[in-house]
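Below is one structure, written out as structure tokens; the observations come after it.
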Amino acid sequence: MPLNEMIFKRKSCRSFTNAPLDAATIETVKAFPLKPLYPEIKVHWDIVPRDKVKCICPWTPPQLITVYSQEAEGYLENIGFLFQQMDLYLHSLGLGVCWLGMGRMNPKTTTEVEGMKFVIMLAFGYPKGDQLRRDLKSFRRKPMDQITDKPDSRLEPARLAPSAVNSQPWYFTHEGDTVHVYCSKKGSRLDSGIALAHLYVANEKSFCFFKTEHRADLPGYTYIGSVTL
Ligand SMILES: Cc1cc2nc3c(=O)[nH]c(=O)nc-3n(C[C@H](O)[C@H](O)[C@H](O)COP(=O)(O)O)c2cc1C
């Protein structure tokens, strides 16, 4: 199934078989091209076995993706943007996936990556049974009027995006053809990058991201950037 259709089907998976992923699938995953929001920010990622991470989840699968970044302005939304494409891709391969904000590297079995900050990990593997959503009713999400200054069906993919503890910290305002993207100061900018990834995947050909001074400041929100779709 194409990635843009996975937006409406994906669901965090917390039930995996204990079978490690086969080497060919790991190579396919490593080769999948991810588009960055900020190409100049260095990112390093790897697929590691479970013993390299410390995670309190009893369901942690045999392998995880670990993500590191250079700490530069925009790095969190860049990571959310990049690896939500990976979340959708892994779902499209029939695998189960879950972002793991609570995961940490195991200092006993890993060494630090020079000049990079560990940001987050994604658990993935063979799911136990079918993990996909069958209909939109099974999404627990804010209604459209709570995430935008005016209803806009083009924002539906962003509305359905996953976020840490389902916080959905994004807010969108409109100005002509441009949509400005904000993140609640209480939320994580990484989540805003995830919502932007859904807008990109749903509008792959036309999606354009930029920063502009010509936008309002919203109290309680951080400006993330602007898009045309
Ligand atoms: C950045 C991020 C971190 C997350 N961390 C965890 C986690 O540590 N443990 C967990 O069980 N789920 C985690 N999740 C999954 C969210 O709880 C889930 O995406 C959200 O509740 C929406 O549900 P859905 O992904 O099934 O649509 C995380 C999601 C994101 C985006």
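Chain labels run A, B, ... following the order of the structure tokens; each chain numbers its residues from 1, and ligands are numbered from 1 in the order shown.
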Any chance you could tabulate, as JSON lines, the residues of range 27-76 of chain A at most 6 Å from range 87-109 of chain A with each one's nearest atom pair and distance in Å to one decimal, using only C-alpha atoms, in chain and rising number order?
```
{"residue": "A:Lys52", "atom": "CA", "partner": "A:Asn106", "partner_atom": "CA", "distance": 5.3}
{"residue": "A:Val53", "atom": "CA", "partner": "A:Met105", "partner_atom": "CA", "distance": 4.3}
{"residue": "A:Lys54", "atom": "CA", "partner": "A:Asn106", "partner_atom": "CA", "distance": 5.0}
{"residue": "A:Cys55", "atom": "CA", "partner": "A:Gly103", "partner_atom": "CA", "distance": 4.8}
```
Same residues, all heavy atoms, output as a compact mmCIF listing (two decimals), in the first residue's frame:
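Saved as result.txt:
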```txt
# COMPACT_ATOMS: atom_id res chain seq x y z
N LYS A 52 21.00 -3.35 23.09
CA LYS A 52 21.71 -2.06 23.03
C LYS A 52 20.89 -0.94 23.67
O LYS A 52 21.36 0.19 23.77
CB LYS A 52 21.99 -1.66 21.57
CG LYS A 52 22.88 -2.62 20.84
CD LYS A 52 24.32 -2.21 20.99
CE LYS A 52 25.21 -3.12 20.16
NZ LYS A 52 26.58 -3.11 20.60
N VAL A 53 19.63 -1.23 23.98
CA VAL A 53 18.78 -0.16 24.53
C VAL A 53 18.28 -0.54 25.91
O VAL A 53 18.20 -1.71 26.28
CB VAL A 53 17.58 0.17 23.61
CG1 VAL A 53 18.04 0.39 22.19
CG2 VAL A 53 16.52 -0.90 23.68
N LYS A 54 17.92 0.52 26.64
CA LYS A 54 17.31 0.33 27.95
C LYS A 54 15.87 0.77 27.77
O LYS A 54 15.62 1.93 27.44
CB LYS A 54 17.95 1.29 28.94
CG LYS A 54 18.97 0.68 29.84
CD LYS A 54 19.47 1.77 30.73
CE LYS A 54 19.87 1.26 32.07
NZ LYS A 54 20.46 2.31 32.88
N CYS A 55 14.95 -0.13 27.95
CA CYS A 55 13.56 0.26 27.76
C CYS A 55 12.72 -0.53 28.73
O CYS A 55 12.90 -1.73 28.87
CB CYS A 55 13.13 -0.01 26.33
SG CYS A 55 11.43 0.47 26.07
```
Name the residues, by chain letter and number, that sit within 8 Å of ligand 1 using only C-alpha atoms and all ligand atoms, and give them as a ChimeraX atom specification. /A:10-14,57,80,98-103,120,139-140,160-167,188,190-191,194
Filtered DSSP result for range 13-160 of chain A, state alpha helix (DSSP H), as a PyMOL selection string: chain A and resi 23-31+75-92+156-159
Selection above as a file: N, CA and C atoms, as a PDB file, in the first residue's frame:
```pdb
ATOM      1  N   ALA A  23      17.704 -10.461   7.377  1.00  0.00           N
ATOM      2  CA  ALA A  23      18.767  -9.535   6.945  1.00  0.00           C
ATOM      3  C   ALA A  23      18.360  -8.746   5.701  1.00  0.00           C
ATOM      4  N   ALA A  24      17.637  -9.387   4.772  1.00  0.00           N
ATOM      5  CA  ALA A  24      17.258  -8.707   3.525  1.00  0.00           C
ATOM      6  C   ALA A  24      16.307  -7.545   3.833  1.00  0.00           C
ATOM      7  N   THR A  25      15.361  -7.763   4.747  1.00  0.00           N
ATOM      8  CA  THR A  25      14.413  -6.688   5.094  1.00  0.00           C
ATOM      9  C   THR A  25      15.164  -5.551   5.785  1.00  0.00           C
ATOM     10  N   ILE A  26      16.117  -5.890   6.654  1.00  0.00           N
ATOM     11  CA  ILE A  26      16.906  -4.837   7.324  1.00  0.00           C
ATOM     12  C   ILE A  26      17.630  -3.986   6.280  1.00  0.00           C
ATOM     13  N   GLU A  27      18.200  -4.638   5.267  1.00  0.00           N
ATOM     14  CA  GLU A  27      18.908  -3.885   4.218  1.00  0.00           C
ATOM     15  C   GLU A  27      17.942  -2.997   3.438  1.00  0.00           C
ATOM     16  N   THR A  28      16.733  -3.504   3.152  1.00  0.00           N
ATOM     17  CA  THR A  28      15.723  -2.716   2.430  1.00  0.00           C
ATOM     18  C   THR A  28      15.362  -1.482   3.252  1.00  0.00           C
ATOM     19  N   VAL A  29      15.181  -1.676   4.550  1.00  0.00           N
ATOM     20  CA  VAL A  29      14.803  -0.555   5.420  1.00  0.00           C
ATOM     21  C   VAL A  29      15.922   0.487   5.434  1.00  0.00           C
ATOM     22  N   LYS A  30      17.167   0.010   5.545  1.00  0.00           N
ATOM     23  CA  LYS A  30      18.308   0.948   5.597  1.00  0.00           C
ATOM     24  C   LYS A  30      18.425   1.768   4.319  1.00  0.00           C
ATOM     25  N   ALA A  31      17.961   1.186   3.199  1.00  0.00           N
ATOM     26  CA  ALA A  31      18.117   1.863   1.903  1.00  0.00           C
ATOM     27  C   ALA A  31      16.961   2.818   1.593  1.00  0.00           C
ATOM     28  N   TYR A  75      16.250  20.927  14.920  1.00  0.00           N
ATOM     29  CA  TYR A  75      16.627  19.511  14.818  1.00  0.00           C
ATOM     30  C   TYR A  75      15.507  18.571  15.251  1.00  0.00           C
ATOM     31  N   LEU A  76      14.678  18.999  16.210  1.00  0.00           N
ATOM     32  CA  LEU A  76      13.629  18.084  16.686  1.00  0.00           C
ATOM     33  C   LEU A  76      12.555  17.879  15.615  1.00  0.00           C
ATOM     34  N   GLU A  77      12.106  18.976  14.995  1.00  0.00           N
ATOM     35  CA  GLU A  77      11.088  18.799  13.937  1.00  0.00           C
ATOM     36  C   GLU A  77      11.688  18.057  12.735  1.00  0.00           C
ATOM     37  N   ASN A  78      13.001  18.242  12.526  1.00  0.00           N
ATOM     38  CA  ASN A  78      13.659  17.513  11.435  1.00  0.00           C
ATOM     39  C   ASN A  78      13.605  16.001  11.686  1.00  0.00           C
ATOM     40  N   ILE A  79      13.861  15.593  12.937  1.00  0.00           N
ATOM     41  CA  ILE A  79      13.833  14.154  13.276  1.00  0.00           C
ATOM     42  C   ILE A  79      12.399  13.612  13.167  1.00  0.00           C
ATOM     43  N   GLY A  80      11.435  14.368  13.667  1.00  0.00           N
ATOM     44  CA  GLY A  80      10.034  13.921  13.550  1.00  0.00           C
ATOM     45  C   GLY A  80       9.645  13.757  12.091  1.00  0.00           C
ATOM     46  N   PHE A  81      10.060  14.717  11.267  1.00  0.00           N
ATOM     47  CA  PHE A  81       9.725  14.703   9.839  1.00  0.00           C
ATOM     48  C   PHE A  81      10.348  13.491   9.149  1.00  0.00           C
ATOM     49  N   LEU A  82      11.636  13.271   9.399  1.00  0.00           N
ATOM     50  CA  LEU A  82      12.341  12.153   8.755  1.00  0.00           C
ATOM     51  C   LEU A  82      11.752  10.800   9.159  1.00  0.00           C
ATOM     52  N   PHE A  83      11.594  10.601  10.473  1.00  0.00           N
ATOM     53  CA  PHE A  83      11.298   9.237  10.925  1.00  0.00           C
ATOM     54  C   PHE A  83       9.806   8.918  10.938  1.00  0.00           C
ATOM     55  N   GLN A  84       8.957   9.936  10.745  1.00  0.00           N
ATOM     56  CA  GLN A  84       7.553   9.572  10.497  1.00  0.00           C
ATOM     57  C   GLN A  84       7.423   9.007   9.083  1.00  0.00           C
ATOM     58  N   GLN A  85       8.282   9.453   8.152  1.00  0.00           N
ATOM     59  CA  GLN A  85       8.302   8.810   6.827  1.00  0.00           C
ATOM     60  C   GLN A  85       8.678   7.336   7.004  1.00  0.00           C
ATOM     61  N   MET A  86       9.640   7.088   7.906  1.00  0.00           N
ATOM     62  CA  MET A  86      10.050   5.701   8.169  1.00  0.00           C
ATOM     63  C   MET A  86       8.914   4.902   8.811  1.00  0.00           C
ATOM     64  N   ASP A  87       8.204   5.521   9.763  1.00  0.00           N
ATOM     65  CA  ASP A  87       7.045   4.857  10.405  1.00  0.00           C
ATOM     66  C   ASP A  87       6.050   4.400   9.320  1.00  0.00           C
ATOM     67  N   LEU A  88       5.755   5.285   8.388  1.00  0.00           N
ATOM     68  CA  LEU A  88       4.779   4.946   7.339  1.00  0.00           C
ATOM     69  C   LEU A  88       5.341   3.859   6.419  1.00  0.00           C
ATOM     70  N   TYR A  89       6.641   3.961   6.115  1.00  0.00           N
ATOM     71  CA  TYR A  89       7.262   2.969   5.237  1.00  0.00           C
ATOM     72  C   TYR A  89       7.245   1.583   5.891  1.00  0.00           C
ATOM     73  N   LEU A  90       7.619   1.518   7.183  1.00  0.00           N
ATOM     74  CA  LEU A  90       7.636   0.225   7.881  1.00  0.00           C
ATOM     75  C   LEU A  90       6.221  -0.363   7.924  1.00  0.00           C
ATOM     76  N   HIS A  91       5.230   0.484   8.193  1.00  0.00           N
ATOM     77  CA  HIS A  91       3.841   0.003   8.138  1.00  0.00           C
ATOM     78  C   HIS A  91       3.514  -0.555   6.756  1.00  0.00           C
ATOM     79  N   SER A  92       3.990   0.135   5.710  1.00  0.00           N
ATOM     80  CA  SER A  92       3.676  -0.307   4.341  1.00  0.00           C
ATOM     81  C   SER A  92       4.315  -1.662   4.024  1.00  0.00           C
ATOM     82  N   GLU A 156      -6.239  17.186   7.210  1.00  0.00           N
ATOM     83  CA  GLU A 156      -6.674  15.914   7.813  1.00  0.00           C
ATOM     84  C   GLU A 156      -5.489  14.948   8.046  1.00  0.00           C
ATOM     85  N   PRO A 157      -4.551  14.798   7.097  1.00  0.00           N
ATOM     86  CA  PRO A 157      -3.412  13.907   7.370  1.00  0.00           C
ATOM     87  C   PRO A 157      -2.611  14.343   8.603  1.00  0.00           C
ATOM     88  N   ALA A 158      -2.469  15.660   8.806  1.00  0.00           N
ATOM     89  CA  ALA A 158      -1.736  16.148   9.998  1.00  0.00           C
ATOM     90  C   ALA A 158      -2.553  15.888  11.258  1.00  0.00           C
ATOM     91  N   ARG A 159      -3.855  16.055  11.175  1.00  0.00           N
ATOM     92  CA  ARG A 159      -4.728  15.818  12.341  1.00  0.00           C
ATOM     93  C   ARG A 159      -4.574  14.383  12.848  1.00  0.00           C
TER      94      ARG A 159
END
```
Hey, could you make a per-residue contact list for range 18-80 of chain A against range 128-138 of chain A with 12 Å as the cut-off, showing the nearest pair of atoms and its distance in Å to one decimal, counting only C-alpha atoms, sorted by chain and number, as JSON lines?
```
{"residue": "A:Asn18", "atom": "CA", "partner": "A:Lys128", "partner_atom": "CA", "distance": 9.4}
{"residue": "A:Ala19", "atom": "CA", "partner": "A:Lys128", "partner_atom": "CA", "distance": 10.5}
{"residue": "A:Trp59", "atom": "CA", "partner": "A:Lys128", "partner_atom": "CA", "distance": 11.0}
{"residue": "A:Pro61", "atom": "CA", "partner": "A:Lys128", "partner_atom": "CA", "distance": 10.9}
```
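Residue nearest Tyr223 in chain A, chosen from A:Phe210, A:Tyr200, A:Phe8, A:Tyr182 and counting only C-alpha atoms: A:Tyr182.
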Computed gap from CA of Gly225 in chain A to CA of Lys117 in chain A is 22.9 Å
Ser69 in chain A proximity check over A:Arg50, A:Lys186, A:Lys42, A:Arg141, using only C-alpha atoms: winner is A:Lys42
Using Å and a single decimal, report how far CA of Thr228 in chain A sits from CA of Pro33 in chain A. 22.3 Å
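Shortest atom-to-atom contact with Val179 in chain A among A:Ile47, A:Leu3, A:Val113, A:Leu155: A:Leu155, counting only C-alpha atoms.
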